[in-house]
Amino acid sequence: MIGGLLGAAQSGLLFLEPERAHEITLRALERGLYAAAAPDDTRLSQQLFGLDFPNPLGMAAGFDKDARVPGALLRLGFGFTEIGTVTPLPQPGNPRPRVFRLIRERGVVNRLGFNSGGHQAALARLADRPAGIVGVNIGANKESADPIEDYVLGLRRFAGVADYFTVNISSPNTPGLRDLQAPERLDALLARVMAERDGLPIRRPVLVKLAPDIHDDDLPGVVDTLMRHRVDGAILTNTTISRDTVQGSAYRGEAGGLSGRPLFGRATRVLARVYRLTDGRLPLIGVGGIDSGEAALAKIRAGASLIQLYTGLIYEGPRLIGEIKRTLLRHLETSGAANLADIRGDHAAMWVDMPDA
Ligand SMILES: Cc1cc2nc3c(=O)[nH]c(=O)nc-3n(C[C@H](O)[C@H](O)[C@H](O)COP(=O)(O)O)c2cc1C
């Protein structure tokens, strides 16, 4: 999955058991076996929630759960990277196998279940953190007696090293976690999380990551709660429990969250709806099924200020990073737009009206 070293071996990794392929990829990145990207064109830069993003493309959560390779990912060309999900205590996650590739559909089903080395391990690695934007995605332990307190602890402990926080309440693989998206629960969660944030010595942006499976009728209540608590942004979306777009796949029956191309339509539609519900006032990170420059551009036109990907990298390798940046620049040139903010959301209406994917 890594350029240079693994360019030719890219397809070879796809023959290995997914978690083994992932570990090999992380080790290659740890050893510096990749080609560093050139500096970004300034037309791709943006300032959002007080941070200077050199380009809009970030590494999504779940790839670097334990903060092993944030510097390598930034050097590879990502404009920012998000470590985690980290939980307060270490936990093993679900029994293996728990990651499945839907190769024909260009999707992945995972039910990892927040396998994590815990706060202390990630914090120790981030003591020597790279320059560039590193977000910390926080979650709750499976056996936690007070899940909300797990998020509060995440903020408190990582406040010195996180450029921003993502409150992940949308993983389908921790029982009960997604219930925190219900407006009353979300209200209680954000009251405590934002109070903790407001008391930190350094103000850190807090973003909330949502599922693509929130019912259309429930979305306005969720968005209203985010706005009332003045969160800094939202990430749309996590993986889906729907299998509507992969009916023919052998792995459609595996429990877990589906990511990649089969998620693109559903995730982009939710992104556009949130963009409309917030009148474009809340910075949004669009994620789900970006596997080409065109798909990245579509997310921005649906309303994303920033974008992230994970599954696309598994199938396309790191050349995708450069392709996305080149496609965005080409679109700015042909459309006459000066920067990404000029095109953000210009196709939101089209996506909002799209039938459910
Ligand atoms: C193997 C795997 C593990 C993931 N782990 C996490 C995680 O720990 N926390 C999280 O917020 N999202 C996690 N995600 C979700 C991704 O961050 C992303 O929201 C989702 O995969 C959609 O993007 P994609 O289609 O580009 O992969 C994971 C995804 C995959 C495929």
# chains A, B, ... in the order shown; residues from 1 in each chain; ligands from 1
$ residues_near_ligand --ligand "ligand 1" --cutoff "6 Å" --atoms "only C-alpha atoms and all ligand atoms" --output "list in words"
Ala60, Ala61, Gly62, Gly84, Thr85, Val108, Asn110, Phe114, Asn168, Thr237, Asn238, Thr239, Ser259, Gly260, Val287, Gly288, Gly289, Ile290, Leu309, Tyr310, Thr311 and Gly312 of chain A
$ write_last_selection --atoms "all heavy atoms" --output "short mmCIF file (atom, residue, chain, number, x, y, z; two decimals), in the first residue's frame"
data_model
loop_
_atom_site.label_atom_id
_atom_site.label_comp_id
_atom_site.auth_asym_id
_atom_site.auth_seq_id
_atom_site.Cartn_x
_atom_site.Cartn_y
_atom_site.Cartn_z
N ALA A 60 -8.18 9.01 7.29
CA ALA A 60 -9.31 8.80 8.20
C ALA A 60 -8.90 7.97 9.41
O ALA A 60 -7.89 7.26 9.39
CB ALA A 60 -10.44 8.09 7.45
N ALA A 61 -9.70 8.04 10.46
CA ALA A 61 -9.44 7.26 11.67
C ALA A 61 -9.51 5.77 11.37
O ALA A 61 -10.22 5.34 10.47
CB ALA A 61 -10.46 7.62 12.74
N GLY A 62 -8.78 4.99 12.16
CA GLY A 62 -8.81 3.54 12.03
C GLY A 62 -7.59 2.97 11.35
O GLY A 62 -7.24 1.82 11.57
N GLY A 84 -6.33 7.01 16.15
CA GLY A 84 -7.44 6.44 16.91
C GLY A 84 -8.37 5.66 16.00
O GLY A 84 -8.08 5.48 14.81
N THR A 85 -9.45 5.23 16.53
CA THR A 85 -10.04 5.57 17.82
C THR A 85 -9.21 5.00 18.98
O THR A 85 -8.89 3.80 18.97
CB THR A 85 -11.50 5.05 17.91
OG1 THR A 85 -12.25 5.70 16.91
CG2 THR A 85 -12.11 5.30 19.28
N VAL A 108 -14.97 -2.72 2.09
CA VAL A 108 -14.43 -3.48 3.22
C VAL A 108 -15.53 -3.56 4.28
O VAL A 108 -16.27 -2.59 4.48
CB VAL A 108 -13.18 -2.78 3.81
CG1 VAL A 108 -12.83 -3.33 5.20
CG2 VAL A 108 -11.97 -2.95 2.88
N ASN A 110 -15.64 -4.24 8.35
CA ASN A 110 -14.81 -4.49 9.53
C ASN A 110 -15.66 -4.49 10.79
O ASN A 110 -16.63 -3.76 10.89
CB ASN A 110 -13.65 -3.48 9.61
CG ASN A 110 -13.99 -2.28 10.48
OD1 ASN A 110 -13.91 -2.35 11.73
ND2 ASN A 110 -14.41 -1.19 9.85
N PHE A 114 -12.81 -1.38 18.18
CA PHE A 114 -11.91 -0.49 18.95
C PHE A 114 -10.76 -1.27 19.59
O PHE A 114 -10.48 -1.14 20.79
CB PHE A 114 -12.67 0.26 20.05
CG PHE A 114 -13.58 1.37 19.56
CD1 PHE A 114 -14.44 2.01 20.45
CD2 PHE A 114 -13.57 1.80 18.24
CE1 PHE A 114 -15.27 3.05 20.03
CE2 PHE A 114 -14.40 2.82 17.80
CZ PHE A 114 -15.25 3.44 18.71
N ASN A 168 -16.06 10.14 18.52
CA ASN A 168 -16.59 9.07 17.67
C ASN A 168 -17.73 8.35 18.38
O ASN A 168 -17.50 7.55 19.28
CB ASN A 168 -15.48 8.09 17.31
CG ASN A 168 -15.99 6.93 16.47
OD1 ASN A 168 -17.09 6.98 15.95
ND2 ASN A 168 -15.18 5.89 16.35
N THR A 237 -19.01 10.45 6.85
CA THR A 237 -19.60 9.60 7.85
C THR A 237 -18.65 8.46 8.23
O THR A 237 -17.64 8.22 7.57
CB THR A 237 -20.91 8.90 7.33
OG1 THR A 237 -20.55 7.97 6.30
CG2 THR A 237 -21.90 9.90 6.78
N ASN A 238 -19.10 7.72 9.24
CA ASN A 238 -18.46 6.46 9.59
C ASN A 238 -18.99 5.36 8.64
O ASN A 238 -19.68 5.65 7.66
CB ASN A 238 -18.78 6.14 11.06
CG ASN A 238 -17.63 5.42 11.74
OD1 ASN A 238 -17.09 4.45 11.18
ND2 ASN A 238 -17.26 5.85 12.92
N THR A 239 -18.70 4.11 8.95
CA THR A 239 -19.14 2.98 8.11
C THR A 239 -20.65 2.73 8.28
O THR A 239 -21.25 3.19 9.26
CB THR A 239 -18.39 1.71 8.53
OG1 THR A 239 -18.58 1.49 9.93
CG2 THR A 239 -16.89 1.85 8.25
N SER A 259 -17.42 -0.05 4.38
CA SER A 259 -16.76 1.19 3.92
C SER A 259 -16.42 1.04 2.45
O SER A 259 -16.62 -0.01 1.84
CB SER A 259 -15.50 1.44 4.74
OG SER A 259 -14.60 0.34 4.59
N GLY A 260 -15.87 2.10 1.87
CA GLY A 260 -15.41 2.05 0.48
C GLY A 260 -16.49 2.45 -0.50
O GLY A 260 -17.51 3.05 -0.15
N VAL A 287 -16.28 11.96 4.29
CA VAL A 287 -15.53 10.69 4.22
C VAL A 287 -16.49 9.56 3.91
O VAL A 287 -17.64 9.59 4.34
CB VAL A 287 -14.72 10.46 5.53
CG1 VAL A 287 -15.58 10.61 6.75
CG2 VAL A 287 -14.04 9.10 5.56
N GLY A 288 -16.01 8.62 3.13
CA GLY A 288 -16.84 7.47 2.76
C GLY A 288 -16.78 7.24 1.26
O GLY A 288 -17.44 7.94 0.49
N GLY A 289 -15.96 6.29 0.85
CA GLY A 289 -15.94 5.87 -0.55
C GLY A 289 -15.15 6.73 -1.50
O GLY A 289 -15.32 6.63 -2.72
N ILE A 290 -14.26 7.56 -1.00
CA ILE A 290 -13.42 8.35 -1.92
C ILE A 290 -12.31 7.44 -2.45
O ILE A 290 -11.45 7.00 -1.70
CB ILE A 290 -12.81 9.59 -1.21
CG1 ILE A 290 -13.91 10.55 -0.78
CG2 ILE A 290 -11.81 10.27 -2.15
CD1 ILE A 290 -13.39 11.78 -0.02
N LEU A 309 -10.07 9.69 3.73
CA LEU A 309 -10.30 8.37 3.13
C LEU A 309 -9.50 7.31 3.87
O LEU A 309 -8.54 7.59 4.57
CB LEU A 309 -9.94 8.36 1.65
CG LEU A 309 -8.52 8.74 1.21
CD1 LEU A 309 -7.52 7.62 1.45
CD2 LEU A 309 -8.52 9.10 -0.26
N TYR A 310 -9.94 6.08 3.71
CA TYR A 310 -9.21 4.93 4.20
C TYR A 310 -9.27 3.80 3.17
O TYR A 310 -8.26 3.42 2.56
CB TYR A 310 -9.78 4.48 5.56
CG TYR A 310 -9.06 3.32 6.22
CD1 TYR A 310 -9.31 2.99 7.55
CD2 TYR A 310 -8.12 2.54 5.54
CE1 TYR A 310 -8.67 1.92 8.17
CE2 TYR A 310 -7.46 1.49 6.17
CZ TYR A 310 -7.74 1.18 7.47
OH TYR A 310 -7.10 0.14 8.09
N THR A 311 -10.49 3.28 2.88
CA THR A 311 -10.61 2.09 2.03
C THR A 311 -10.03 2.31 0.63
O THR A 311 -9.42 1.40 0.06
CB THR A 311 -12.10 1.67 1.95
OG1 THR A 311 -12.58 1.51 3.29
CG2 THR A 311 -12.26 0.35 1.21
N GLY A 312 -10.18 3.51 0.09
CA GLY A 312 -9.63 3.79 -1.24
C GLY A 312 -8.13 3.54 -1.30
O GLY A 312 -7.59 3.09 -2.33
#
$ atom_distance --atom1 "atom CA of A:Val167" --atom2 "atom CA of A:His22"
24.2 Å
$ select_by_dssp --residues "stretch 31-253 of chain A" --states "helix (DSSP H, G or I)" --output "ChimeraX atom specification"
/A:42-44,70-75,118-126,147-158,177-181,183-198,219-228,244-246
$ select_by_dssp --residues "stretch 95-315 of chain A" --states "strand (DSSP E or B)" --output "ChimeraX atom specification"
/A:99-102,107-110,116,133-138,164-168,206-210,233-236,240,257-260,284-287,306-309
$ residues_around --residues "A:Ile138" --least-positions-apart "6" --cutoff "12 Å" --atoms "only C-alpha atoms" --output "ChimeraX atom specification"
/A:61-62,65-66,82-89,114,116,118-119,122,147-159,162,164-171,193,206-209
$ residues_around --residues "A:Arg111" --least-positions-apart "2" --cutoff "8 Å" --atoms "only C-alpha atoms" --output "list in words"
Asn94, Arg98, Val99, Val109, Gly113, Pro172, Asn173, Ala255, Gly256 and Gly257 of chain A
$ write_last_selection --atoms "C-alpha atoms" --output "JSON list (two decimals), in the first residue's frame"
[["chain", "number", "residue", "atom", "x", "y", "z"],
["A", 94, "ASN", "CA", -13.37, -8.66, 18.60],
["A", 98, "ARG", "CA", -12.88, -9.34, 11.70],
["A", 99, "VAL", "CA", -11.89, -7.50, 8.49],
["A", 109, "VAL", "CA", -16.48, -4.83, 6.13],
["A", 113, "GLY", "CA", -14.33, -3.26, 17.87],
["A", 172, "PRO", "CA", -21.21, 0.05, 14.77],
["A", 173, "ASN", "CA", -18.83, -2.36, 16.53],
["A", 255, "ALA", "CA", -21.47, -8.27, 10.84],
["A", 256, "GLY", "CA", -19.68, -4.93, 11.00],
["A", 257, "GLY", "CA", -19.37, -1.61, 9.22]]
$ residues_around --residues "A:Ala182" --least-positions-apart "6" --cutoff "9 Å" --atoms "only C-alpha atoms" --output "NGL selection string"
:A and (218 or 221-222)
$ write_last_selection --atoms "N, CA and C atoms" --output "PDB file, in the first residue's frame"
ATOM      1  N   ASP A 218     -34.521  11.960  11.704  1.00  0.00           N
ATOM      2  CA  ASP A 218     -33.793  12.217  12.953  1.00  0.00           C
ATOM      3  C   ASP A 218     -32.636  13.194  12.774  1.00  0.00           C
ATOM      4  N   GLY A 221     -32.712  16.897  14.278  1.00  0.00           N
ATOM      5  CA  GLY A 221     -32.549  16.950  15.734  1.00  0.00           C
ATOM      6  C   GLY A 221     -31.080  16.783  16.136  1.00  0.00           C
ATOM      7  N   VAL A 222     -30.393  15.893  15.457  1.00  0.00           N
ATOM      8  CA  VAL A 222     -28.976  15.665  15.746  1.00  0.00           C
ATOM      9  C   VAL A 222     -28.173  16.930  15.414  1.00  0.00           C
TER      10      VAL A 222
END
$ closest_residue --among "A:Gly293, A:Ala72, A:Phe80, A:Asp146" --to "A:Arg326" --atoms "only C-alpha atoms"
A:Gly293
$ closest_residue --among "A:Ala21, A:Ile241, A:Ala191, A:Ile202" --to "A:Arg228" --atoms "only C-alpha atoms"
A:Ala191
$ closest_residue --among "A:Thr25, A:Ser305, A:Thr268, A:Thr245" --to "A:Gly233" --atoms "only C-alpha atoms"
A:Ser305
$ closest_residue --among "A:Arg27, A:Arg266, A:Arg252, A:Arg75" --to "A:Pro212" --atoms "only C-alpha atoms"
A:Arg266
$ decode --residues "stretch 118-231 of chain A" --atoms "C-alpha atoms" --output "compact mmCIF listing (two decimals), in the first residue's frame"
# COMPACT_ATOMS: atom_id res chain seq x y z
CA GLY A 118 -5.16 2.59 25.18
CA HIS A 119 -4.57 6.25 26.00
CA GLN A 120 -1.19 5.87 27.68
CA ALA A 121 0.46 4.05 24.75
CA ALA A 122 -0.76 6.55 22.14
CA LEU A 123 0.10 9.48 24.38
CA ALA A 124 3.66 8.22 24.83
CA ARG A 125 4.12 8.01 21.05
CA LEU A 126 2.67 11.48 20.52
CA ALA A 127 5.13 12.98 22.99
CA ASP A 128 7.41 13.16 19.95
CA ARG A 129 4.70 14.23 17.53
CA PRO A 130 5.44 15.55 14.03
CA ALA A 131 4.80 19.05 12.72
CA GLY A 132 1.55 19.19 10.75
CA ILE A 133 -2.04 18.57 11.79
CA VAL A 134 -2.73 15.50 13.94
CA GLY A 135 -6.27 14.90 15.20
CA VAL A 136 -7.12 12.48 17.98
CA ASN A 137 -10.25 10.34 17.60
CA ILE A 138 -11.59 9.35 21.02
CA GLY A 139 -13.96 6.56 22.04
CA ALA A 140 -15.24 4.51 24.95
CA ASN A 141 -14.13 1.12 26.24
CA LYS A 142 -16.52 -1.76 25.59
CA GLU A 143 -16.95 -2.49 29.31
CA SER A 144 -17.02 1.13 30.45
CA ALA A 145 -19.41 1.90 33.31
CA ASP A 146 -19.58 5.56 32.23
CA PRO A 147 -18.92 5.90 28.48
CA ILE A 148 -19.26 9.70 28.56
CA GLU A 149 -16.46 9.89 31.11
CA ASP A 150 -14.23 7.97 28.64
CA TYR A 151 -14.62 10.83 26.15
CA VAL A 152 -13.96 13.43 28.82
CA LEU A 153 -10.77 11.57 29.81
CA GLY A 154 -9.69 11.50 26.17
CA LEU A 155 -9.94 15.27 25.94
CA ARG A 156 -8.15 15.85 29.21
CA ARG A 157 -5.28 13.50 28.47
CA PHE A 158 -4.60 14.42 24.83
CA ALA A 159 -5.18 18.17 25.17
CA GLY A 160 -1.46 18.90 24.97
CA VAL A 161 -0.86 17.00 21.72
CA ALA A 162 -4.11 16.95 19.70
CA ASP A 163 -4.66 19.64 17.08
CA TYR A 164 -8.33 18.68 17.11
CA PHE A 165 -10.56 16.03 18.65
CA THR A 166 -13.08 13.74 17.01
CA VAL A 167 -15.82 12.41 19.26
CA ASN A 168 -16.59 9.07 17.67
CA ILE A 169 -20.13 7.98 18.50
CA SER A 170 -20.74 6.18 15.22
CA SER A 171 -18.77 2.94 15.23
CA PRO A 172 -21.21 0.05 14.77
CA ASN A 173 -18.83 -2.36 16.53
CA THR A 174 -19.14 -1.28 20.17
CA PRO A 175 -22.56 -2.27 21.51
CA GLY A 176 -24.66 0.76 22.43
CA LEU A 177 -22.15 3.34 21.17
CA ARG A 178 -24.35 4.64 18.38
CA ASP A 179 -27.18 5.21 20.84
CA LEU A 180 -25.18 8.28 21.93
CA GLN A 181 -26.39 9.89 18.68
CA ALA A 182 -29.97 10.04 19.99
CA PRO A 183 -30.64 13.75 20.67
CA GLU A 184 -31.11 13.43 24.50
CA ARG A 185 -28.01 11.25 24.87
CA LEU A 186 -26.04 13.50 22.52
CA ASP A 187 -27.11 16.49 24.57
CA ALA A 188 -25.79 14.89 27.79
CA LEU A 189 -22.56 13.81 26.09
CA LEU A 190 -21.83 17.20 24.53
CA ALA A 191 -22.68 19.08 27.74
CA ARG A 192 -19.88 17.25 29.53
CA VAL A 193 -17.44 17.09 26.62
CA MET A 194 -17.74 20.79 25.73
CA ALA A 195 -17.50 21.83 29.40
CA GLU A 196 -14.25 19.87 29.63
CA ARG A 197 -13.00 21.41 26.40
CA ASP A 198 -13.83 24.94 27.56
CA GLY A 199 -11.75 24.35 30.70
CA LEU A 200 -8.63 23.19 28.85
CA PRO A 201 -5.55 25.41 29.01
CA ILE A 202 -5.42 25.41 25.18
CA ARG A 203 -8.64 25.64 23.15
CA ARG A 204 -8.91 22.55 20.94
CA PRO A 205 -11.54 22.14 18.20
CA VAL A 206 -14.06 19.35 18.84
CA LEU A 207 -15.68 17.54 15.90
CA VAL A 208 -18.37 14.87 16.08
CA LYS A 209 -18.30 11.86 13.76
CA LEU A 210 -21.71 10.55 12.73
CA ALA A 211 -23.07 7.37 11.15
CA PRO A 212 -24.57 7.34 7.65
CA ASP A 213 -27.50 5.33 9.00
CA ILE A 214 -29.21 8.11 10.96
CA HIS A 215 -32.76 8.28 9.65
CA ASP A 216 -33.62 11.32 7.52
CA ASP A 217 -36.27 12.35 10.05
CA ASP A 218 -33.79 12.22 12.95
CA LEU A 219 -31.01 14.18 11.29
CA PRO A 220 -32.38 17.70 11.98
CA GLY A 221 -32.55 16.95 15.73
CA VAL A 222 -28.98 15.66 15.75
CA VAL A 223 -27.70 18.66 13.79
CA ASP A 224 -29.61 21.06 16.04
CA THR A 225 -27.92 19.51 19.09
CA LEU A 226 -24.46 19.89 17.51
CA MET A 227 -25.13 23.54 16.76
CA ARG A 228 -26.52 24.32 20.21
CA HIS A 229 -23.38 22.96 21.82
CA ARG A 230 -21.23 24.90 19.36
CA VAL A 231 -19.10 22.02 18.22
